[in-house]
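Below is the file upload_39.pdb, which contains PDB, C-alpha atoms and all ligand atoms.
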```pdb
ATOM      1  CA  MET A  29      18.832  12.324  10.830
ATOM      2  CA  LYS A  30      20.342  11.901   7.326
ATOM      3  CA  GLN A  31      19.310   8.234   7.383
ATOM      4  CA  PHE A  32      15.626   9.161   7.153
ATOM      5  CA  ASP A  33      16.197  11.912   4.580
ATOM      6  CA  LEU A  34      14.524  11.371   1.171
ATOM      7  CA  THR A  35      15.856  14.563  -0.428
ATOM      8  CA  GLY A  36      16.522  14.052  -4.130
ATOM      9  CA  LYS A  37      14.434  10.892  -4.316
ATOM     10  CA  ILE A  38      11.406  10.321  -6.566
ATOM     11  CA  ALA A  39       8.667   8.393  -4.769
ATOM     12  CA  MET A  40       5.694   6.830  -6.546
ATOM     13  CA  VAL A  41       2.666   5.753  -4.509
ATOM     14  CA  THR A  42      -0.095   3.921  -6.370
ATOM     15  CA  GLY A  43      -3.723   4.809  -5.618
ATOM     16  CA  ALA A  44      -2.686   7.836  -3.559
ATOM     17  CA  SER A  45      -5.431  10.424  -4.190
ATOM     18  CA  TYR A  46      -6.551   9.868  -0.596
ATOM     19  CA  GLY A  47      -6.425   7.337   2.254
ATOM     20  CA  ILE A  48      -3.280   5.513   3.287
ATOM     21  CA  GLY A  49      -1.514   6.257   0.001
ATOM     22  CA  TYR A  50      -2.046   9.979   0.409
ATOM     23  CA  ALA A  51      -0.662   9.887   3.970
ATOM     24  CA  LEU A  52       2.441   7.953   2.904
ATOM     25  CA  ALA A  53       3.118  10.252  -0.070
ATOM     26  CA  SER A  54       2.714  13.283   2.200
ATOM     27  CA  ALA A  55       5.240  11.848   4.657
ATOM     28  CA  PHE A  56       7.699  11.187   1.839
ATOM     29  CA  ALA A  57       7.272  14.797   0.666
ATOM     30  CA  LYS A  58       7.976  16.102   4.164
ATOM     31  CA  ALA A  59      11.132  13.934   4.166
ATOM     32  CA  GLY A  60      12.248  15.650   0.949
ATOM     33  CA  ALA A  61      11.018  13.356  -1.835
ATOM     34  CA  LYS A  62       9.362  14.399  -5.096
ATOM     35  CA  ILE A  63       5.883  12.776  -5.229
ATOM     36  CA  VAL A  64       4.318  10.845  -8.107
ATOM     37  CA  PHE A  65       0.970   9.064  -7.802
ATOM     38  CA  ASN A  66      -1.684   7.461  -9.973
ATOM     39  CA  ASP A  67      -5.368   6.768  -9.792
ATOM     40  CA  ILE A  68      -7.841   5.120 -12.124
ATOM     41  CA  ASN A  69      -9.553   8.246 -13.414
ATOM     42  CA  GLN A  70      -8.745  11.893 -14.097
ATOM     43  CA  GLU A  71     -11.329  13.132 -11.605
ATOM     44  CA  MET A  72      -9.595  11.315  -8.744
ATOM     45  CA  VAL A  73      -6.146  12.371  -9.957
ATOM     46  CA  ASP A  74      -7.317  15.999 -10.045
ATOM     47  CA  LYS A  75      -8.802  15.700  -6.549
ATOM     48  CA  GLY A  76      -5.509  14.288  -5.331
ATOM     49  CA  LEU A  77      -3.475  17.035  -6.994
ATOM     50  CA  ALA A  78      -5.684  19.670  -5.358
ATOM     51  CA  ALA A  79      -5.268  18.025  -1.947
ATOM     52  CA  TYR A  80      -1.485  17.809  -2.259
ATOM     53  CA  LYS A  81      -1.350  21.448  -3.413
ATOM     54  CA  ALA A  82      -3.477  22.510  -0.434
ATOM     55  CA  ASP A  83      -0.942  20.750   1.779
ATOM     56  CA  GLY A  84       1.908  22.591   0.057
ATOM     57  CA  ILE A  85       3.101  19.460  -1.734
ATOM     58  CA  GLU A  86       4.093  19.558  -5.443
ATOM     59  CA  ALA A  87       2.889  16.213  -6.782
ATOM     60  CA  TYR A  88       2.708  14.659 -10.234
ATOM     61  CA  GLY A  89      -0.499  12.701 -10.923
ATOM     62  CA  TYR A  90      -1.181  10.161 -13.649
ATOM     63  CA  VAL A  91      -4.282   8.243 -14.712
ATOM     64  CA  CYS A  92      -3.319   4.585 -14.708
ATOM     65  CA  ASP A  93      -4.994   1.317 -13.729
ATOM     66  CA  VAL A  94      -2.355  -0.835 -12.037
ATOM     67  CA  THR A  95      -3.793  -3.965 -13.665
ATOM     68  CA  ASP A  96      -3.291  -2.592 -17.198
ATOM     69  CA  GLU A  97       0.260  -3.669 -18.096
ATOM     70  CA  ASP A  98       0.514  -1.517 -21.247
ATOM     71  CA  ALA A  99      -0.784   1.532 -19.381
ATOM     72  CA  VAL A 100       1.629   0.926 -16.494
ATOM     73  CA  TYR A 101       4.679   0.710 -18.771
ATOM     74  CA  ALA A 102       3.549   3.783 -20.718
ATOM     75  CA  THR A 103       3.042   5.705 -17.461
ATOM     76  CA  ILE A 104       6.444   4.735 -16.041
ATOM     77  CA  ALA A 105       8.052   5.869 -19.332
ATOM     78  CA  LYS A 106       6.117   9.171 -19.129
ATOM     79  CA  ILE A 107       7.187   9.666 -15.507
ATOM     80  CA  LYS A 108      10.835   9.003 -16.471
ATOM     81  CA  LYS A 109      10.559  11.710 -19.160
ATOM     82  CA  GLU A 110       8.615  14.266 -17.091
ATOM     83  CA  VAL A 111       9.938  13.672 -13.556
ATOM     84  CA  GLY A 112      12.767  11.149 -13.586
ATOM     85  CA  ILE A 113      13.529   7.545 -12.642
ATOM     86  CA  ILE A 114      11.524   6.266  -9.651
ATOM     87  CA  ASP A 115      13.634   5.542  -6.548
ATOM     88  CA  ILE A 116      10.814   4.503  -4.196
ATOM     89  CA  LEU A 117       7.648   2.587  -5.108
ATOM     90  CA  VAL A 118       4.750   1.949  -2.736
ATOM     91  CA  ASN A 119       2.236  -0.565  -4.089
ATOM     92  CA  ASN A 120      -0.718   0.841  -2.177
ATOM     93  CA  ALA A 121      -3.636   0.689  -4.657
ATOM     94  CA  GLY A 122      -6.103  -1.958  -3.597
ATOM     95  CA  ILE A 123      -9.717  -2.932  -3.217
ATOM     96  CA  ILE A 124     -11.682  -5.261  -0.977
ATOM     97  CA  LYS A 125     -14.920  -7.132  -1.591
ATOM     98  CA  ARG A 126     -16.626  -8.403   1.561
ATOM     99  CA  ILE A 127     -18.694 -11.346   0.258
ATOM    100  CA  PRO A 128     -19.133 -14.828   1.788
ATOM    101  CA  ALA A 129     -17.049 -17.270  -0.280
ATOM    102  CA  ILE A 130     -20.090 -19.392  -1.098
ATOM    103  CA  GLU A 131     -21.739 -16.329  -2.665
ATOM    104  CA  MET A 132     -18.660 -14.785  -4.301
ATOM    105  CA  SER A 133     -18.382 -15.089  -8.063
ATOM    106  CA  ALA A 134     -15.100 -16.100  -9.684
ATOM    107  CA  LYS A 135     -15.237 -12.719 -11.457
ATOM    108  CA  ASP A 136     -15.292 -10.848  -8.150
ATOM    109  CA  PHE A 137     -12.512 -13.062  -6.763
ATOM    110  CA  ARG A 138     -10.378 -12.483  -9.845
ATOM    111  CA  GLN A 139     -10.877  -8.706  -9.705
ATOM    112  CA  VAL A 140      -9.540  -8.492  -6.145
ATOM    113  CA  ILE A 141      -6.556 -10.715  -6.974
ATOM    114  CA  ASP A 142      -5.907  -8.677 -10.137
ATOM    115  CA  ILE A 143      -5.748  -5.311  -8.370
ATOM    116  CA  ASP A 144      -4.271  -6.350  -5.020
ATOM    117  CA  LEU A 145      -1.701  -8.915  -6.219
ATOM    118  CA  ASN A 146      -1.187  -8.784  -9.997
ATOM    119  CA  GLY A 147      -1.066  -4.965  -9.878
ATOM    120  CA  PRO A 148       1.900  -4.827  -7.478
ATOM    121  CA  PHE A 149       3.720  -7.440  -9.606
ATOM    122  CA  ILE A 150       3.140  -5.451 -12.803
ATOM    123  CA  VAL A 151       4.152  -2.083 -11.337
ATOM    124  CA  SER A 152       7.195  -3.516  -9.509
ATOM    125  CA  LYS A 153       8.403  -5.159 -12.739
ATOM    126  CA  ALA A 154       7.927  -1.884 -14.609
ATOM    127  CA  VAL A 155       9.955   0.243 -12.166
ATOM    128  CA  ALA A 156      12.727  -2.303 -11.411
ATOM    129  CA  PRO A 157      14.821  -1.629 -14.572
ATOM    130  CA  GLY A 158      15.103   2.065 -13.676
ATOM    131  CA  MET A 159      16.086   1.229 -10.107
ATOM    132  CA  ILE A 160      18.745  -1.180 -11.401
ATOM    133  CA  GLU A 161      20.000   1.543 -13.781
ATOM    134  CA  LYS A 162      20.219   3.980 -10.826
ATOM    135  CA  GLY A 163      22.040   1.467  -8.592
ATOM    136  CA  GLY A 164      19.203   0.653  -6.229
ATOM    137  CA  GLY A 165      15.715   1.407  -4.982
ATOM    138  CA  LYS A 166      13.000   0.733  -2.431
ATOM    139  CA  ILE A 167       9.741  -1.151  -2.993
ATOM    140  CA  ILE A 168       7.114  -1.234  -0.234
ATOM    141  CA  ASN A 169       4.034  -3.439  -0.637
ATOM    142  CA  ILE A 170       1.003  -2.597   1.479
ATOM    143  CA  CYS A 171      -0.041  -5.917   2.952
ATOM    144  CA  SER A 172      -2.608  -6.466   5.710
ATOM    145  CA  MET A 173      -3.672  -8.333   8.839
ATOM    146  CA  MET A 174      -5.175 -10.590   6.201
ATOM    147  CA  SER A 175      -1.663 -11.482   5.063
ATOM    148  CA  GLU A 176      -1.593 -13.529   8.285
ATOM    149  CA  LEU A 177      -5.175 -13.989   9.478
ATOM    150  CA  GLY A 178      -8.545 -14.924   8.030
ATOM    151  CA  ARG A 179     -12.042 -13.787   8.741
ATOM    152  CA  GLU A 180     -15.448 -14.289   7.206
ATOM    153  CA  THR A 181     -16.234 -12.653   3.825
ATOM    154  CA  VAL A 182     -12.696 -11.593   2.827
ATOM    155  CA  SER A 183     -11.361 -14.774   1.146
ATOM    156  CA  ALA A 184     -10.317 -12.997  -2.061
ATOM    157  CA  TYR A 185      -8.674 -10.114  -0.223
ATOM    158  CA  ALA A 186      -6.833 -12.408   2.218
ATOM    159  CA  SER A 187      -5.652 -14.609  -0.670
ATOM    160  CA  ALA A 188      -4.322 -11.505  -2.454
ATOM    161  CA  LYS A 189      -2.662 -10.032   0.630
ATOM    162  CA  GLY A 190      -1.185 -13.403   1.620
ATOM    163  CA  GLY A 191       0.191 -13.673  -1.889
ATOM    164  CA  LEU A 192       1.490 -10.104  -1.684
ATOM    165  CA  LYS A 193       3.458 -11.067   1.442
ATOM    166  CA  MET A 194       5.117 -13.903  -0.485
ATOM    167  CA  LEU A 195       5.629 -11.751  -3.607
ATOM    168  CA  THR A 196       7.440  -9.286  -1.321
ATOM    169  CA  LYS A 197       9.750 -11.988   0.004
ATOM    170  CA  ASN A 198      10.447 -13.390  -3.460
ATOM    171  CA  LEU A 199      11.189 -10.084  -5.168
ATOM    172  CA  ALA A 200      13.401  -9.216  -2.186
ATOM    173  CA  CYS A 201      15.426 -12.368  -2.880
ATOM    174  CA  GLU A 202      15.682 -11.728  -6.642
ATOM    175  CA  TRP A 203      16.495  -8.010  -6.515
ATOM    176  CA  ALA A 204      18.680  -7.629  -3.403
ATOM    177  CA  GLU A 205      21.788  -8.039  -5.587
ATOM    178  CA  PHE A 206      20.758  -4.835  -7.392
ATOM    179  CA  ASN A 207      20.519  -2.984  -4.074
ATOM    180  CA  ILE A 208      16.738  -2.946  -4.297
ATOM    181  CA  GLN A 209      15.139  -3.575  -0.908
ATOM    182  CA  VAL A 210      11.617  -4.999  -1.188
ATOM    183  CA  ASN A 211       9.594  -4.972   2.030
ATOM    184  CA  GLY A 212       5.997  -4.688   3.174
ATOM    185  CA  ILE A 213       3.916  -2.766   5.645
ATOM    186  CA  GLY A 214       1.013  -4.657   7.229
ATOM    187  CA  PRO A 215      -1.422  -2.099   8.618
ATOM    188  CA  GLY A 216      -3.910  -3.126  11.272
ATOM    189  CA  TYR A 217      -7.412  -1.694  11.080
ATOM    190  CA  ILE A 218      -7.050   1.866   9.823
ATOM    191  CA  ALA A 219      -9.752   4.545   9.592
ATOM    192  CA  THR A 220     -10.023   5.233   5.838
ATOM    193  CA  PRO A 221     -12.816   5.098   3.225
ATOM    194  CA  GLN A 222     -12.041   1.387   2.748
ATOM    195  CA  THR A 223     -13.065   0.562   6.325
ATOM    196  CA  ALA A 224     -15.786   3.191   6.646
ATOM    197  CA  PRO A 225     -18.564   0.557   6.344
ATOM    198  CA  LEU A 226     -17.108  -1.247   9.387
ATOM    199  CA  ARG A 227     -16.993   1.922  11.479
ATOM    200  CA  GLU A 228     -20.549   3.070  11.043
ATOM    201  CA  PRO A 229     -22.096   4.004  14.419
ATOM    202  CA  GLY A 230     -23.382   0.898  16.154
ATOM    203  CA  HIS A 231     -21.699  -1.484  13.707
ATOM    204  CA  PRO A 232     -20.719  -4.528  15.834
ATOM    205  CA  PHE A 233     -17.408  -4.767  14.002
ATOM    206  CA  ASN A 234     -16.282  -1.485  15.558
ATOM    207  CA  ASP A 235     -16.444  -2.862  19.122
ATOM    208  CA  PHE A 236     -14.971  -6.152  17.918
ATOM    209  CA  ILE A 237     -11.870  -4.492  16.468
ATOM    210  CA  ILE A 238     -11.370  -2.263  19.497
ATOM    211  CA  GLY A 239     -11.512  -5.430  21.617
ATOM    212  CA  ARG A 240      -9.035  -7.260  19.365
ATOM    213  CA  THR A 241      -6.541  -4.392  19.382
ATOM    214  CA  PRO A 242      -4.348  -4.012  22.513
ATOM    215  CA  ALA A 243      -3.978  -0.298  21.680
ATOM    216  CA  ALA A 244      -7.821  -0.224  21.920
ATOM    217  CA  ARG A 245      -8.305   2.110  18.957
ATOM    218  CA  TRP A 246      -8.510   2.159  15.157
ATOM    219  CA  GLY A 247      -5.237   3.125  13.520
ATOM    220  CA  THR A 248      -4.891   6.280  11.456
ATOM    221  CA  PRO A 249      -3.036   6.695   8.145
ATOM    222  CA  GLU A 250      -0.609   8.913  10.052
ATOM    223  CA  ASP A 251       0.365   5.910  12.230
ATOM    224  CA  LEU A 252       1.893   4.397   9.087
ATOM    225  CA  GLN A 253       3.989   7.410   8.052
ATOM    226  CA  GLY A 254       7.073   6.791  10.205
ATOM    227  CA  PRO A 255       7.340   3.083   9.307
ATOM    228  CA  ALA A 256       6.974   3.984   5.620
ATOM    229  CA  VAL A 257       9.720   6.636   5.736
ATOM    230  CA  PHE A 258      11.948   4.096   7.481
ATOM    231  CA  LEU A 259      11.414   1.493   4.738
ATOM    232  CA  ALA A 260      11.790   4.152   2.013
ATOM    233  CA  SER A 261      15.080   5.504   3.411
ATOM    234  CA  SER A 262      18.688   4.390   3.742
ATOM    235  CA  ALA A 263      17.891   3.491   7.361
ATOM    236  CA  SER A 264      16.502   0.186   6.013
ATOM    237  CA  ASP A 265      19.277  -0.663   3.516
ATOM    238  CA  PHE A 266      19.864  -4.038   5.212
ATOM    239  CA  VAL A 267      16.156  -4.870   5.598
ATOM    240  CA  ASN A 268      14.954  -7.266   2.888
ATOM    241  CA  GLY A 269      11.750  -9.264   2.573
ATOM    242  CA  HIS A 270      10.357  -8.019   5.861
ATOM    243  CA  ILE A 271       6.696  -7.292   6.544
ATOM    244  CA  LEU A 272       6.512  -4.548   9.171
ATOM    245  CA  TYR A 273       3.156  -4.919  10.934
ATOM    246  CA  VAL A 274       1.767  -1.639  12.259
ATOM    247  CA  ASP A 275      -1.324  -2.967  13.983
ATOM    248  CA  GLY A 276      -1.576  -1.707  17.558
ATOM    249  CA  GLY A 277      -0.684  -5.227  18.712
ATOM    250  CA  ILE A 278      -3.457  -7.227  16.969
ATOM    251  CA  LEU A 279      -1.143 -10.007  15.742
ATOM    252  CA  ALA A 280       0.369 -10.361  19.222
ATOM    253  CA  TYR A 281      -3.006 -10.723  20.940
ATOM    254  CA  ILE A 282      -5.139 -13.801  21.627
ATOM    255  CA  GLY A 283      -7.992 -11.493  22.633
ATOM    256  CA  LYS A 284      -9.299  -9.838  25.745
ATOM    257  CA  GLN A 285      -9.588 -12.412  28.563
ATOM    258  CA  PRO A 286     -13.073 -12.799  30.059
ATOM    259  CA  LYS A 287     -13.496 -10.860  33.295
TER     260      LYS A 287
HETATM  261  P1  LIG B   1      -8.987   3.134  -0.114
HETATM  262  O1  LIG B   1      -9.360   4.259   0.769
HETATM  263  O2  LIG B   1     -10.039   2.255  -0.677
HETATM  264  O3  LIG B   1      -8.064   3.687  -1.336
HETATM  265  C1  LIG B   1      -7.619   2.764  -2.277
HETATM  266  C2  LIG B   1      -6.979   3.555  -3.397
HETATM  267  O4  LIG B   1      -6.574   2.657  -4.433
HETATM  268  C3  LIG B   1      -7.946   4.571  -4.025
HETATM  269  O5  LIG B   1      -7.255   5.758  -4.343
HETATM  270  C4  LIG B   1      -8.364   3.853  -5.307
HETATM  271  O6  LIG B   1      -8.739   4.731  -6.347
HETATM  272  C5  LIG B   1      -7.069   3.161  -5.680
HETATM  273  N1  LIG B   1      -7.279   2.064  -6.633
HETATM  274  C6  LIG B   1      -8.185   1.071  -6.559
HETATM  275  N2  LIG B   1      -8.072   0.269  -7.634
HETATM  276  C7  LIG B   1      -7.075   0.776  -8.412
HETATM  277  C8  LIG B   1      -6.475   0.396  -9.649
HETATM  278  N3  LIG B   1      -6.902  -0.675 -10.323
HETATM  279  N4  LIG B   1      -5.466   1.156 -10.151
HETATM  280  C9  LIG B   1      -5.065   2.266  -9.487
HETATM  281  N5  LIG B   1      -5.577   2.691  -8.291
HETATM  282  C10 LIG B   1      -6.572   1.937  -7.780
HETATM  283  O7  LIG B   1      -7.986   2.176   0.651
HETATM  284  P2  LIG B   1      -7.044   2.437   1.911
HETATM  285  O8  LIG B   1      -7.763   2.090   3.166
HETATM  286  O9  LIG B   1      -6.374   3.768   1.765
HETATM  287  O10 LIG B   1      -5.991   1.267   1.661
HETATM  288  C11 LIG B   1      -4.863   1.457   0.840
HETATM  289  C12 LIG B   1      -4.122   0.135   0.823
HETATM  290  O11 LIG B   1      -3.918  -0.307   2.171
HETATM  291  C13 LIG B   1      -4.902  -0.986   0.141
HETATM  292  O12 LIG B   1      -3.992  -1.839  -0.523
HETATM  293  C14 LIG B   1      -5.542  -1.732   1.319
HETATM  294  O13 LIG B   1      -5.806  -3.087   0.999
HETATM  295  C15 LIG B   1      -4.457  -1.614   2.330
HETATM  296  N6  LIG B   1      -4.873  -1.772   3.722
HETATM  297  C16 LIG B   1      -5.860  -0.990   4.240
HETATM  298  C17 LIG B   1      -6.175  -1.134   5.610
HETATM  299  C18 LIG B   1      -7.250  -0.329   6.262
HETATM  300  O14 LIG B   1      -7.655  -0.711   7.380
HETATM  301  N7  LIG B   1      -7.737   0.731   5.662
HETATM  302  C19 LIG B   1      -5.461  -2.031   6.400
HETATM  303  C20 LIG B   1      -4.487  -2.828   5.797
HETATM  304  C21 LIG B   1      -4.185  -2.670   4.467
HETATM  305  P3  LIG B   1     -10.305   5.035  -6.612
HETATM  306  O15 LIG B   1     -10.828   5.704  -5.386
HETATM  307  O16 LIG B   1     -10.291   5.936  -7.802
HETATM  308  O17 LIG B   1     -10.966   3.707  -6.872
HETATM  309  C1  LIG B   2     -11.809  -6.109   6.750
HETATM  310  C2  LIG B   2     -10.928  -4.885   6.687
HETATM  311  C3  LIG B   2      -9.474  -5.316   6.724
HETATM  312  C4  LIG B   2      -8.586  -4.113   6.593
HETATM  313  C5  LIG B   2      -7.154  -4.485   6.625
HETATM  314  C6  LIG B   2      -6.732  -5.089   7.912
HETATM  315  O1  LIG B   2     -12.863  -6.101   6.094
HETATM  316  O2  LIG B   2     -11.419  -7.041   7.467
HETATM  317  O3  LIG B   2     -11.193  -4.129   5.521
HETATM  318  O4  LIG B   2      -9.208  -6.234   5.726
HETATM  319  O5  LIG B   2      -8.807  -3.464   5.388
HETATM  320  O6  LIG B   2      -6.752  -5.224   5.530
HETATM  321  O7  LIG B   2      -5.317  -5.179   7.930
END
```
How does the structure come out when it is put into structure tokens?
Ligand code: NAP
Ligand code: GCO
Amino acid sequence: MKQFDLTGKIAMVTGASYGIGYALASAFAKAGAKIVFNDINQEMVDKGLAAYKADGIEAYGYVCDVTDEDAVYATIAKIKKEVGIIDILVNNAGIIKRIPAIEMSAKDFRQVIDIDLNGPFIVSKAVAPGMIEKGGGKIINICSMMSELGRETVSAYASAKGGLKMLTKNLACEWAEFNIQVNGIGPGYIATPQTAPLREPGHPFNDFIIGRTPAARWGTPEDLQGPAVFLASSASDFVNGHILYVDGGILAYIGKQPK
């Protein structure tokens, strides 16, 4: 369907050497887009480039820390020169620190907020002028269950992802007049390196999440590909400020009733 066709588009996915970002970039490539991604060091960028190549995807990789404003602007300028103006941005790069609030240092809290919330603001601001010049664009922020819910030990992450939900809504309001649609994807619990500690054999969290998910399974990065192509394509041209939760039903569920 033409509506889901990304041919001729340049898509940038931050932190996409592997994990969810890699899956989304791969889906965009299969839909016809040219892929650009960044990571924080050359080794990871090279690993990502090799993985994309192995999958038959021509990608452009750049070393850039999303919290470094000067580096971000320099990278976007380099991408414009070497690849072109970015049409689609996915703010995917993110970290989590699982530490009880009472034990968490302000430094740790700030680092999570910096990468997971300030980073998306910085990168979105850097790509917006090009999108305005081109007559429009798509920005997709990767939010979380923690944009809506809390749990022990993730206060910094939940604060960042809750803020990212509201940043999404606010940029959507400011940039809709330029035909830039800003939306979010809120993944449920997805099997990636970020959640590997929670999925170790016998870890109680594994059974807990299966019990809190009506679909009764962990999500995969591939579960997010269709929703991402939808939000990156002309099929979502009248969708603004929406967080699309892809969570197997977690947010709809009070929890398994006792037998
Ligand atoms: P992941 O496996 O930990 O990958 C995160 C990626 O972000 C890595 O490539 C990492 O690079 C990169 N990154 C970290 N800090 C960066 C920085 N300052 N600048 C540039 N890149 C940076 O995470 P994931 O599970 O794929 O998650 C991706 C996104 O989805 C994150 O925003 C996460 O919060 C969100 N999310 C994940 C889940 C889940 O269950 N997995 C659910 C909801 C939302 P390095 O490896 O080089 O550090
Ligand atoms: C955690 C998990 C979650 C997931 C995701 C859920 O420790 O609770 O890491 O935060 O990463 O954000 O949507």
Enumerate, as an mmCIF file with C-alpha atoms, in the frame of the given file, the protein, DNA and RNA residues whose atoms approach (-1.8, -12.6, -1.0) to within 12 Å, taking into account only C-alpha atoms and the coordinate frame of the file.
```cif
data_model
loop_
_atom_site.group_PDB
_atom_site.id
_atom_site.type_symbol
_atom_site.label_atom_id
_atom_site.label_comp_id
_atom_site.auth_asym_id
_atom_site.auth_seq_id
_atom_site.Cartn_x
_atom_site.Cartn_y
_atom_site.Cartn_z
ATOM 1 C CA GLY A 122 -6.103 -1.958 -3.597
ATOM 2 C CA VAL A 140 -9.540 -8.492 -6.145
ATOM 3 C CA ILE A 141 -6.556 -10.715 -6.974
ATOM 4 C CA ASP A 142 -5.907 -8.677 -10.137
ATOM 5 C CA ILE A 143 -5.748 -5.311 -8.370
ATOM 6 C CA ASP A 144 -4.271 -6.350 -5.020
ATOM 7 C CA LEU A 145 -1.701 -8.915 -6.219
ATOM 8 C CA ASN A 146 -1.187 -8.784 -9.997
ATOM 9 C CA GLY A 147 -1.066 -4.965 -9.878
ATOM 10 C CA PRO A 148 1.900 -4.827 -7.478
ATOM 11 C CA PHE A 149 3.720 -7.440 -9.606
ATOM 12 C CA ASN A 169 4.034 -3.439 -0.637
ATOM 13 C CA ILE A 170 1.003 -2.597 1.479
ATOM 14 C CA CYS A 171 -0.041 -5.917 2.952
ATOM 15 C CA SER A 172 -2.608 -6.466 5.710
ATOM 16 C CA MET A 173 -3.672 -8.333 8.839
ATOM 17 C CA MET A 174 -5.175 -10.590 6.201
ATOM 18 C CA SER A 175 -1.663 -11.482 5.063
ATOM 19 C CA GLU A 176 -1.593 -13.529 8.285
ATOM 20 C CA LEU A 177 -5.175 -13.989 9.478
ATOM 21 C CA GLY A 178 -8.545 -14.924 8.030
ATOM 22 C CA VAL A 182 -12.696 -11.593 2.827
ATOM 23 C CA SER A 183 -11.361 -14.774 1.146
ATOM 24 C CA ALA A 184 -10.317 -12.997 -2.061
ATOM 25 C CA TYR A 185 -8.674 -10.114 -0.223
ATOM 26 C CA ALA A 186 -6.833 -12.408 2.218
ATOM 27 C CA SER A 187 -5.652 -14.609 -0.670
ATOM 28 C CA ALA A 188 -4.322 -11.505 -2.454
ATOM 29 C CA LYS A 189 -2.662 -10.032 0.630
ATOM 30 C CA GLY A 190 -1.185 -13.403 1.620
ATOM 31 C CA GLY A 191 0.191 -13.673 -1.889
ATOM 32 C CA LEU A 192 1.490 -10.104 -1.684
ATOM 33 C CA LYS A 193 3.458 -11.067 1.442
ATOM 34 C CA MET A 194 5.117 -13.903 -0.485
ATOM 35 C CA LEU A 195 5.629 -11.751 -3.607
ATOM 36 C CA THR A 196 7.440 -9.286 -1.321
ATOM 37 C CA LYS A 197 9.750 -11.988 0.004
ATOM 38 C CA GLY A 212 5.997 -4.688 3.174
ATOM 39 C CA GLY A 214 1.013 -4.657 7.229
#
```
Q: Could you state which residues are captured by the PyMOL selection byres (((not hetatm)) within 7 of (chain B and resi 1)) in this file, as number ranges by chain?
A: A: 42-49, 66-69, 72, 92-95, 120-124, 143-144, 170-173, 214-223
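Between ligand LIG 2 (chain B) and the residues A:Val267, A:Met132, A:Ile238, A:Leu226, the shortest atom-to-atom distance, using all atoms listed in the file, involves A:Leu226.
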Q) Looking at A:Val155, A:Ile127, A:Ile160, A:Ala61, which one is nearest to ligand LIG 2 (chain B), with distances taken over all atoms listed in the file? A) A:Ile127
(Q) To one decimal place in Å, what is the distance between CA of Ala156 (chain A) and CA of Leu252 (chain A)? (A) 24.1 Å
Q | Explicit residues for the PyMOL selection byres (((chain A and resi 210) around 7) and not hetatm) (as a list in words) | A | Lys166, Ile167, Ile168, Thr196, Leu199, Ala200, Ile208, Gln209, Asn211, Asn268 and Gly269 of chain A
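Distances here use only C-alpha atoms; by that measure, the residue among A:Arg245, A:Lys153, A:Lys135, A:His231 closest to Trp203 (chain A) is A:Lys153.
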Q.
Please report the interatomic distance between CA of Leu117 (chain A) and CA of Val64 (chain A) in Å with one decimal.
A. 9.4 Å
Q) Taking only C-alpha atoms into account, which of A:Gly277, A:Ile213, A:Val91, A:Ala53 comes nearest Lys106 (chain A)? A) A:Val91
Q) Closest to Leu34 (chain A) among A:Ala154, A:Ala260, A:Asp98, A:Phe137, using all atoms listed in the file? A)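 Looking only at the distances to Leu34 (chain A), the closest residue turns out to be A:Ala260.
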Q: Select, from A:Ile271, A:Ala99, A:Ile104, A:Ala256, the residue with the minimum atom-to-atom distance to Ala57 (chain A), counting all atoms listed in the file.
A: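 Checking each candidate against Ala57 (chain A), we get A:Ala256 as the closest.
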Q) Expressed in Å to a single decimal, how great is the separation between CA of Gly36 (chain A) and CA of Ala105 (chain A)? A) 19.2 Å
Let me know the centre plus edge lengths, in Å and rounded to one decimal, of a box with edges along x, y and z that contains all listed atoms of region 94-102 of chain A and is padded by 4 Å on every side, as lines of an AutoDock Vina configuration file.
```
center_x = 0.4
center_y = -0.1
center_z = -16.6
size_x = 16.5
size_y = 15.7
size_z = 17.2
```
Q: Using all atoms listed in the file, determine which residues lie at most 12 Å from Ala244 (chain A), disregarding the query and same-chain residues fewer than 2 positions distant; provide the list as a PyMOL selection string.
A: chain A and resi 216-217+234-242+246-247+275-278+281+283-284
**Q.** Within 8 Å of Ile113 (chain A) using only C-alpha atoms, minus same-chain residues under 6 positions, as JSON, numbers by chain
**A.** {"A": [38, 107, 158, 159, 162]}
